[in-house]
Structures are given as C-alpha cells and as structure tokens.
Amino acid sequence: MRRNEKYWFTLPALTVIGIIVVFPLTYNIYMGLHSWFVAGGASPRWVGLNNYVKIMKDPRFWNSMRVTFLFSIGALVLETLLGTSLALFLNREFRGKNLVKLLFLFPIASTPVAVSLIWGMMYNYDLGIINIAIQALGFEPQLWLASPKMVIPSLIFADAWQWTPLILLIVLASLESLPTDPFESAKVDGAHIFQVIRYITLPMIQPAIIAAAMIRSIDAIKTFDMIYVMTQGGPDIASENLNLYIFQTGFSYFRMGAASSLAIILFTIVLAVNVLLAITRKSGDLS
Amino acid sequence: MKRTIMFFTMIALIALLAFPIMAQGQQEAEDAGPEVVGFDWQSRSGETIKIMANKHPWVDIIEPKIGEFEAMTGIKVELAVYPEDQFRTKRTVEMVSGASDVDVFMLMPGNSLAQYYQAGWVAPLDDLMASESFLWPEYDLDDIFSSALDAGVKEDKHYTIPILLETSLLSYNKEIFEKYDVAVPTTMEELEAAAKKIYEGSNGQIYGITLRGKKAAATSQWVDFLHSFGGEWLEGDKSGLGTEAAIAATDYYGRLLRLYGPKSAPSNSWYEAISIFMQGKAAMVYDASVFKPNYEDPTKSEVAGKVGYAVIPAGPAGSIPHISNWALSLYSKSDNKEAAWLFVQWATSKDIALEGLLAGIPSARNSAWDSSEFKDNDTTPEWTAASIASYEVASPIWNPPVIPVGECRDAAGSAIVASILGEDVRAASLAAEKTMNDILANQ
C-alpha cells in the first residue's frame, strides 16, 4: 500500500486531465476518421483516412497553412524584436517607470474582440482614422483589410499592438533580476554598450526571450478571435488561417468529420512547435 | 455582522416557505391544460418559453412589449438575442446537440428550412393552425401574404409563420442624381452609365454605387443580378455558376464596384455598404428594403429625406428581384408547443405587423399595407410603391436551393470577389462551378 501511495495522490489530477484532455482528443481523432455532415441530420459514416487524403488535395487548406505561417512568423518576429528592444530601453531607473509598465499592461488586459473591433474601424478605407491621418500627411489612403496583399501585414500590426507588451514585460522582468557584477566587470574592462548587450545581456536573458516567444508562437498559430472579428478570413480567403478554416468547415458548413481532421493537423503543428522550442531551449543555443 | 446573518436567514426562510406555493402554482397550470375548450390566452398560464432571436429591427419592436404578452397570458418569456452570424451557428449547434430547451426560434425559410426540415428540427404547425382551442379567432391567417406563408411549406405542411416580407430595392440619392443630371436607371446599361457619370463627374469623390462585396454576404444581392441576366443557381441538379449568363452577371456586378464603387468593396457587407450610402459618399445602393428606416433616420443618415427607391433595373432577362422573409418556427422537441404557438400568434398579429410597418419593417400582412393608419402616415410613398412593385415581379429564390447553403454561397462569393478585384471572371466562375458541384456530390 505504502508503495502505491504516490499513484493514489496523482489520481485526482489524472482524472481531470483524462476528462478534459485525453477524452476530447481521442474522440476528435476518432471523429476525424468519419464523414459527418450534420446539417442534414445524418449520422457519422466511417471513411478511414479519406478526410486527410482530401485535405492534402484541398487548395484552401494549403492557403490556410500559408496564412497561418505568414501571420505567425510575421507577428512573432515583429513582437520579439520590438518587445526585447523596448525592454532593453526601459531597463533603467527613471521616474514613472511603474506607470509606464502599467500602461503597457492595458493592451494585454483588453479583450481581443473589443481590440479587434476598434482596429477594424480604424482600418476602414472610407471611414477609418488611419486613412484620415495618412491623408492629412499627404499620403494615398491604403486599403488595409480590403486588399489581399495588405491584409496580413495589417493583422500582424494589430496583433503586435496587443501582444508586444507581453514579451516586453517578460524580458524586462528577466533583465531586472540579472546579477550586476558581470556588467560592472565589463565596464571596468571598457566594453562598449553594444558589446555589453551582444555578449552579456542577450545570452543571459535568452531563456526568457525563448519562453516569451514560445508562448506567443503557440498563440499566434492558433489565432482566431482577431481575424474572425476583423476580416472573417477575407477578402475571399486571403486571411483565412487554419483555425478559421476549421471553424468554417465545422460551424458554417457543418462538416464535422473534416473539421476534426483539420483540428488534428493544427494540434500536431502546435505540438511540433512546442517540442522544437523546448529542444532549442534545452540546448541553450540561439546563434 | 449579526444583522447580515439575520438577513440571510430570513431570506432562506422566505424561500423555503414560498417553495410549496410556487410548486403548487405550477401543478395547477399543468392540470388546467387539457380542460381548455375554446380559445383562451390564459390557457397556458404558468409555463415558460424560450425564444432564440437574431438582432433585427423587428426584435427591437417586440422586445419591449413582451411584458404585455406575459401579463395577458401568464406565460413567462425568456428571449435570447444574438448577432446574425453567431445566431445561425448557435441555433444549428443547439439543434445538433439534441438537448436544446429552446421553444421558438427565428428562421429564414429561404436560407435554412430545407436543412431544418430534413433534419426534423422544426414542428409542423397545421394542427395548431386549425385548432379551436389554440387558434386566436382574430388572428386571420388569410391576411398574411400567401407568398410569405408558402415559403414555409414543405410537403404540404406549414413550418414557419412570417414576421415580415422583404425585397431588395435600388435606393438612390436624389440630390446627387440632380446635380449630375442622371435619370433613374431602368436597365442595367443605364445603371452602369449613371454610376460612371457620377463617379467621373465628381472626380471619384462620389462613388456611383455601393454594393456588398464580402464573399458569401454579397450573394444575396448579387443573385438578383444573376436572375436578371438570365442565370440560375442550379441548372438541373448541377451548379449554374459557370453559364454564360452567370459569368456576365458576375462580371457586371464586380465591374460596377471595381470601376465606380468604394475601393473597400471586397470587405464590405451590408453594414459597410449602406453606411457609405448614408454618408452621401455613394449615389446608389442596391440592398434589402428593410434598411429604409436607416436611410431615413436623420440622426444616423446624412441622406434622410433625399432618397428615392426603384425596382432593380432590367437585364437581358428582365427585372428580377427576390423576396425573402424572416419567420418564427417551433422546435420539434419543444414541450411547450401550445404556449409557444400563442406567442407566435401574438408576435405576428395585425397590431404588431402594423406597428412594424410604421417603423419601416415591410409587413407580411395585407391589412398593414392597406390600413388608413399606414397610408396616412406613410412618409416614403416611393418606397411603398417600389416595394409593392418589387413583390409582384420577385423570385422566391435567393439562396441556392440545396442543403449546404453556406458552402455554395462561399463558392459563388469567391467568384464575386475575384470579379471585383479585376481577376479573370470566367476562370473564377468556372472554378466556383466546380467547387459547388463537388460540394453537391459530397453531401
């Protein structure tokens, strides 16, 4: 009995995980092997791997993969660069530092739907404030969300507004907890500020940057709310990422089997990115 | 502290005491049910019905009056209102789950009845419509436009009761038409010439026309151009999106927006399209007749009082607008169908229809249009005349008459967006046709 005690103690946690993680996932994999067009009230029909074969031949799926990666990589690079630079800049003592940190919390604390509605209005070609502002500066108004070429950069920019502060705050916290002696030695040795950042600061805060990037990349790959509210994947399918395509397939077209297969693909991608970043982090090698 | 404890104890005691009384009340209501002879609003007193509605001007009219219905019938009403896209999804998910406790929901028969009927989610209403105990003697079913009532018929049974009957109209800004010396267009050629004259005459400051361009949302207005050019959603049981008539219609629709419309057209749904018109930035808009109150509301619209209304201009196949209607249906698994039916009758009664029409919601009841109260208070007789003229020539089809409606609308929407963006319309239409045929083969 004594020996098995540890298993008994983990049982409640395992039960919860079983109910909220293992069961839905297994059921999803199972449903992904069926064709189930619920709109007609029909029952699921076993089709084996047929859904996946169809997905591989589906140009709309490959479009959604392209959008997912363009959006995620764009958002991740922009947010990490901006967030880290801002953190390095803010990592000093000045009056009102806490106020600045608090202000950076606002975008994160706002609900994504409200933020997206406001960005959507600001991007509006005829009525939005961004076009009014750039016209006042003498530039041509831009289509932003209405042009297939501009829509992804526009979405990345809105995403960066909301999520750069997350990276900034994580990196800043790490910067503030660094020991001071390496910097003092560097100063004594006459190192230039850029040398200090390149050879001392960045290597020391690297784990924090990777952790922040990991959180953001997973979120970016799964983005739904922002794109749904601002463009619903449009114009046509120019900004339809994988998660949006899953939603359309499942809840607009009511093809639950195909949607389950797509969800499994998204899950695999998120898992792979996680594993990749975990490995990178362990090996501790960025360069 | 002590007082707080006392307070909660009191509340708990009151609740305990009241419980048997409430339970008894419910018991009585259940007993009263079967004994009813003749119509009585109170016959289902004590029951609770759940209603699922989408955000619509009609709901804004009945929502504040629900208290009157509750007082008259003793039925408690729980109304849940959702924005349209979410409403459609939520309604279907509730039905699929099979565990919904909803009793009444809004439905557009032209959009969803085929699906809801096949899945068995809607209850036939014929027994209630003929029931001595539950048909309100003053309800007057014959007063409802037969086209609207028939839209809810499947295999000789009624499944929906219309709350309004709408069509689409060409609305134009009279001031701009006068300034640029343009006559109301009666053909598609005249429409394009008018749009061009205004757009070029104003150096692109005023758009000739604004229309929906956002994929699936655009199809419900584009379809009138499709029909007027001689196209159809279906040729036999295959997609008709690749026919010459359909390609011509899609090309025309996209060209109007690309050359003389707002640049943002591909991301504009009805809201953006009519907003541009209401700001006086576009000379014309072709969209649903229900938006008249928006155009004519001086607090929201800069064109109030300057708008003229006309039937869609004629294409090679004539002027063919569509009619569509929102309706109420009963959930087939509802336990309170009689109470729900009482609500449906109240909500679609002559009084409410007239009140709706006075607020600009095109009624599905003859009596409302015919009433002297409406005729005397009609501030936009042009809209009234155009609506009635449009009803007379309209097609009841505006969605693809198939079960996977959303998917087929998206397929057609892709071709419309391609046309607006100036891509190869023929290739896009043929691709849409193929996608639609694949969808139909894969139901």
# chains A, B, ... in the order shown; residues from 1 in each chain; ligands from 1

call {"tool": "residues_around", "arguments": {"residues": "Lys174 in chain B", "least_positions_apart": "2", "cutoff": "7 Å", "atoms": "only C-alpha atoms", "output": "PyMOL selection string"}}
result
chain B and resi 172+176-178+306-308

call {"tool": "interface_residues", "arguments": {"of": "chain B", "to": "chain A", "cutoff": "7 Å", "atoms": "only C-alpha atoms", "output": "count of residues only"}}
result
16

call {"tool": "atom_distance", "arguments": {"atom1": "CA of Ala282 in chain B", "atom2": "CA of Ile129 in chain A"}}
result
19.5 Å

call {"tool": "select_by_dssp", "arguments": {"residues": "range 93-331 of chain B", "states": "strand (DSSP E)", "output": "JSON, numbers by chain"}}
result
{"B": [104, 105, 106, 107, 153, 154, 157, 158, 161, 162, 166, 167, 168, 169, 170, 171, 172, 173, 234, 235, 238, 239, 284, 285, 286, 287, 288, 307, 308, 309, 310, 323, 324, 327, 328, 329, 330]}

call {"tool": "select_by_dssp", "arguments": {"residues": "range 282-337 of chain B", "states": "helix (DSSP H, G or I)", "output": "PyMOL selection string"}}
result
chain B and resi 289-295+337

call {"tool": "write_last_selection", "arguments": {"atoms": "C-alpha atoms", "output": "mmCIF file, in the first residue's frame"}}
result
data_model
loop_
_atom_site.group_PDB
_atom_site.id
_atom_site.type_symbol
_atom_site.label_atom_id
_atom_site.label_comp_id
_atom_site.auth_asym_id
_atom_site.auth_seq_id
_atom_site.Cartn_x
_atom_site.Cartn_y
_atom_site.Cartn_z
ATOM 1 C CA SER B 289 -35.744 47.105 -48.440
ATOM 2 C CA VAL B 290 -35.640 46.786 -44.626
ATOM 3 C CA PHE B 291 -32.834 49.335 -44.478
ATOM 4 C CA LYS B 292 -35.145 52.216 -45.365
ATOM 5 C CA PRO B 293 -35.517 53.280 -41.705
ATOM 6 C CA ASN B 294 -31.711 53.576 -41.531
ATOM 7 C CA TYR B 295 -31.548 55.743 -44.659
ATOM 8 C CA LYS B 337 -45.636 23.983 -28.236
#

call {"tool": "closest_residue", "arguments": {"among": "B:Ala283, B:Val81, B:Ala431, B:Ala246", "to": "Ala195 in chain B", "atoms": "only C-alpha atoms"}}
result
B:Ala283

call {"tool": "closest_atom_pairs", "arguments": {"of": "range 232-254 of chain B", "to": "range 315-319 of chain B", "cutoff": "12 Å", "atoms": "only C-alpha atoms", "output": "JSON lines"}}
result
{"residue": "B:Glu232", "atom": "CA", "partner": "B:Ala317", "partner_atom": "CA", "distance": 11.3}
{"residue": "B:Ala245", "atom": "CA", "partner": "B:Pro316", "partner_atom": "CA", "distance": 9.0}
{"residue": "B:Ala246", "atom": "CA", "partner": "B:Pro316", "partner_atom": "CA", "distance": 11.7}
{"residue": "B:Ala248", "atom": "CA", "partner": "B:Pro316", "partner_atom": "CA", "distance": 10.3}
{"residue": "B:Ala249", "atom": "CA", "partner": "B:Gly315", "partner_atom": "CA", "distance": 9.1}
{"residue": "B:Tyr252", "atom": "CA", "partner": "B:Gly315", "partner_atom": "CA", "distance": 10.5}
{"residue": "B:Tyr253", "atom": "CA", "partner": "B:Gly315", "partner_atom": "CA", "distance": 11.9}

call {"tool": "residues_around", "arguments": {"residues": "Ile66 in chain B", "least_positions_apart": "4", "cutoff": "12 Å", "atoms": "only C-alpha atoms", "output": "CSV table (one decimal) with C-alpha atoms, in the first residue's frame"}}
result
chain,number,residue,atom,x,y,z
B,49,ILE,CA,-41.0,29.5,-23.2
B,51,ILE,CA,-37.1,32.2,-27.7
B,59,VAL,CA,-36.9,42.2,-32.4
B,60,ASP,CA,-36.3,45.8,-31.2
B,61,ILE,CA,-40.1,46.4,-31.7
B,62,ILE,CA,-41.4,43.3,-29.9
B,70,GLU,CA,-46.7,37.9,-20.3
B,71,ALA,CA,-49.4,39.9,-18.5
B,72,MET,CA,-52.1,38.8,-20.9
B,73,THR,CA,-51.2,35.1,-21.0
B,74,GLY,CA,-49.4,34.4,-17.7
B,75,ILE,CA,-46.7,32.7,-19.8
B,76,LYS,CA,-43.1,33.7,-18.9
B,77,VAL,CA,-40.9,34.5,-21.9
B,78,GLU,CA,-37.1,34.2,-22.0
B,79,LEU,CA,-35.7,36.0,-25.0
B,343,PHE,CA,-46.5,33.6,-28.6
B,344,VAL,CA,-46.1,33.2,-32.3
B,346,TRP,CA,-49.2,37.4,-30.7
B,347,ALA,CA,-45.8,38.3,-32.3
B,352,ILE,CA,-47.6,44.3,-34.3

call {"tool": "residues_around", "arguments": {"residues": "Val47 in chain A", "least_positions_apart": "5", "cutoff": "12 Å", "atoms": "only C-alpha atoms", "output": "ChimeraX atom specification"}}
result
/A:30-36,52-54,257-258,261

call {"tool": "atom_distance", "arguments": {"atom1": "CA of Asn173 in chain B", "atom2": "CA of Asp297 in chain B"}}
result
14.3 Å

call {"tool": "closest_residue", "arguments": {"among": "A:Leu166, A:Ile265, A:Val229, A:Val21", "to": "Pro112 in chain A", "atoms": "only C-alpha atoms"}}
result
A:Val229

call {"tool": "closest_residue", "arguments": {"among": "A:Ala109, A:Ala75, A:Asp58, A:Leu88", "to": "Arg198 in chain A", "atoms": "only C-alpha atoms"}}
result
A:Leu88

call {"tool": "atom_distance", "arguments": {"atom1": "CA of Ile312 in chain B", "atom2": "CA of Asp224 in chain B"}}
result
7.9 Å

call {"tool": "residues_around", "arguments": {"residues": "Leu191 in chain B", "least_positions_apart": "6", "cutoff": "9 Å", "atoms": "only C-alpha atoms", "output": "list in words"}}
result
Val184, Pro185 and Pro313 of chain B

call {"tool": "write_last_selection", "arguments": {"atoms": "C-alpha atoms", "output": "PDB file, in the first residue's frame"}}
result
ATOM      1  CA  VAL B 184     -33.403  56.833 -62.545  1.00  0.00           C
ATOM      2  CA  PRO B 185     -31.925  53.816 -64.392  1.00  0.00           C
ATOM      3  CA  PRO B 313     -33.117  47.760 -63.449  1.00  0.00           C
TER       4      PRO B 313
END

call {"tool": "residues_around", "arguments": {"residues": "range 177-180 of chain A", "least_positions_apart": "2", "cutoff": "12 Å", "atoms": "only C-alpha atoms", "output": "ChimeraX atom specification"}}
result
/A:91,170-175,182-187,200-206,208

call {"tool": "write_last_selection", "arguments": {"atoms": "N, CA and C atoms", "output": "PDB file, in the first residue's frame"}}
result
ATOM      1  N   ASN A  91      15.043  49.300 -19.340  1.00  0.00           N
ATOM      2  CA  ASN A  91      15.715  48.694 -18.202  1.00  0.00           C
ATOM      3  C   ASN A  91      16.691  49.672 -17.559  1.00  0.00           C
ATOM      4  N   ILE A 170       7.892  40.200 -19.939  1.00  0.00           N
ATOM      5  CA  ILE A 170       8.636  39.003 -19.542  1.00  0.00           C
ATOM      6  C   ILE A 170      10.141  39.272 -19.604  1.00  0.00           C
ATOM      7  N   VAL A 171      10.582  39.895 -20.708  1.00  0.00           N
ATOM      8  CA  VAL A 171      12.017  40.161 -20.868  1.00  0.00           C
ATOM      9  C   VAL A 171      12.497  41.186 -19.833  1.00  0.00           C
ATOM     10  N   LEU A 172      11.655  42.181 -19.589  1.00  0.00           N
ATOM     11  CA  LEU A 172      12.040  43.213 -18.627  1.00  0.00           C
ATOM     12  C   LEU A 172      12.206  42.605 -17.237  1.00  0.00           C
ATOM     13  N   ALA A 173      11.300  41.719 -16.863  1.00  0.00           N
ATOM     14  CA  ALA A 173      11.389  41.066 -15.555  1.00  0.00           C
ATOM     15  C   ALA A 173      12.698  40.292 -15.452  1.00  0.00           C
ATOM     16  N   SER A 174      13.053  39.621 -16.539  1.00  0.00           N
ATOM     17  CA  SER A 174      14.298  38.855 -16.539  1.00  0.00           C
ATOM     18  C   SER A 174      15.508  39.786 -16.440  1.00  0.00           C
ATOM     19  N   LEU A 175      15.466  40.909 -17.154  1.00  0.00           N
ATOM     20  CA  LEU A 175      16.566  41.882 -17.111  1.00  0.00           C
ATOM     21  C   LEU A 175      16.781  42.413 -15.694  1.00  0.00           C
ATOM     22  N   PRO A 182      28.614  40.994 -13.608  1.00  0.00           N
ATOM     23  CA  PRO A 182      29.207  40.888 -14.950  1.00  0.00           C
ATOM     24  C   PRO A 182      29.238  42.230 -15.663  1.00  0.00           C
ATOM     25  N   PHE A 183      28.211  43.039 -15.419  1.00  0.00           N
ATOM     26  CA  PHE A 183      28.146  44.341 -16.094  1.00  0.00           C
ATOM     27  C   PHE A 183      29.223  45.278 -15.553  1.00  0.00           C
ATOM     28  N   GLU A 184      29.446  45.180 -14.217  1.00  0.00           N
ATOM     29  CA  GLU A 184      30.486  46.019 -13.624  1.00  0.00           C
ATOM     30  C   GLU A 184      31.855  45.645 -14.173  1.00  0.00           C
ATOM     31  N   SER A 185      32.111  44.327 -14.272  1.00  0.00           N
ATOM     32  CA  SER A 185      33.403  43.890 -14.818  1.00  0.00           C
ATOM     33  C   SER A 185      33.566  44.383 -16.247  1.00  0.00           C
ATOM     34  N   ALA A 186      32.500  44.274 -17.018  1.00  0.00           N
ATOM     35  CA  ALA A 186      32.569  44.698 -18.413  1.00  0.00           C
ATOM     36  C   ALA A 186      32.898  46.180 -18.497  1.00  0.00           C
ATOM     37  N   LYS A 187      32.283  46.947 -17.598  1.00  0.00           N
ATOM     38  CA  LYS A 187      32.512  48.387 -17.593  1.00  0.00           C
ATOM     39  C   LYS A 187      33.991  48.664 -17.302  1.00  0.00           C
ATOM     40  N   ILE A 200      26.856  40.011 -23.235  1.00  0.00           N
ATOM     41  CA  ILE A 200      26.485  39.713 -21.842  1.00  0.00           C
ATOM     42  C   ILE A 200      24.972  39.658 -21.666  1.00  0.00           C
ATOM     43  N   THR A 201      24.279  40.764 -21.999  1.00  0.00           N
ATOM     44  CA  THR A 201      22.844  40.828 -21.705  1.00  0.00           C
ATOM     45  C   THR A 201      22.063  39.769 -22.476  1.00  0.00           C
ATOM     46  N   LEU A 202      22.204  39.773 -23.807  1.00  0.00           N
ATOM     47  CA  LEU A 202      21.378  38.861 -24.605  1.00  0.00           C
ATOM     48  C   LEU A 202      21.581  37.397 -24.232  1.00  0.00           C
ATOM     49  N   PRO A 203      22.826  36.901 -24.099  1.00  0.00           N
ATOM     50  CA  PRO A 203      22.964  35.499 -23.684  1.00  0.00           C
ATOM     51  C   PRO A 203      22.308  35.218 -22.337  1.00  0.00           C
ATOM     52  N   MET A 204      22.362  36.221 -21.425  1.00  0.00           N
ATOM     53  CA  MET A 204      21.808  35.964 -20.106  1.00  0.00           C
ATOM     54  C   MET A 204      20.276  35.962 -20.093  1.00  0.00           C
ATOM     55  N   ILE A 205      19.663  36.775 -20.971  1.00  0.00           N
ATOM     56  CA  ILE A 205      18.190  36.795 -20.955  1.00  0.00           C
ATOM     57  C   ILE A 205      17.600  35.869 -22.020  1.00  0.00           C
ATOM     58  N   GLN A 206      18.473  35.141 -22.717  1.00  0.00           N
ATOM     59  CA  GLN A 206      17.992  34.286 -23.794  1.00  0.00           C
ATOM     60  C   GLN A 206      16.868  33.325 -23.368  1.00  0.00           C
ATOM     61  N   ALA A 208      14.594  33.707 -21.212  1.00  0.00           N
ATOM     62  CA  ALA A 208      13.343  34.466 -21.072  1.00  0.00           C
ATOM     63  C   ALA A 208      12.763  34.798 -22.441  1.00  0.00           C
TER      64      ALA A 208
END

call {"tool": "residues_around", "arguments": {"residues": "Glu355 in chain B", "least_positions_apart": "5", "cutoff": "10 Å", "atoms": "only C-alpha atoms", "output": "list in words"}}
result
Trp58, Ile61, Ile62, Lys350, Gly360, Ile361, Ser363, Ala368, Glu373 and Phe374 of chain B

call {"tool": "closest_residue", "arguments": {"among": "B:Trp369, B:Trp341, B:Trp233, B:Trp383", "to": "Trp398 in chain B", "atoms": "only C-alpha atoms"}}
result
B:Trp233
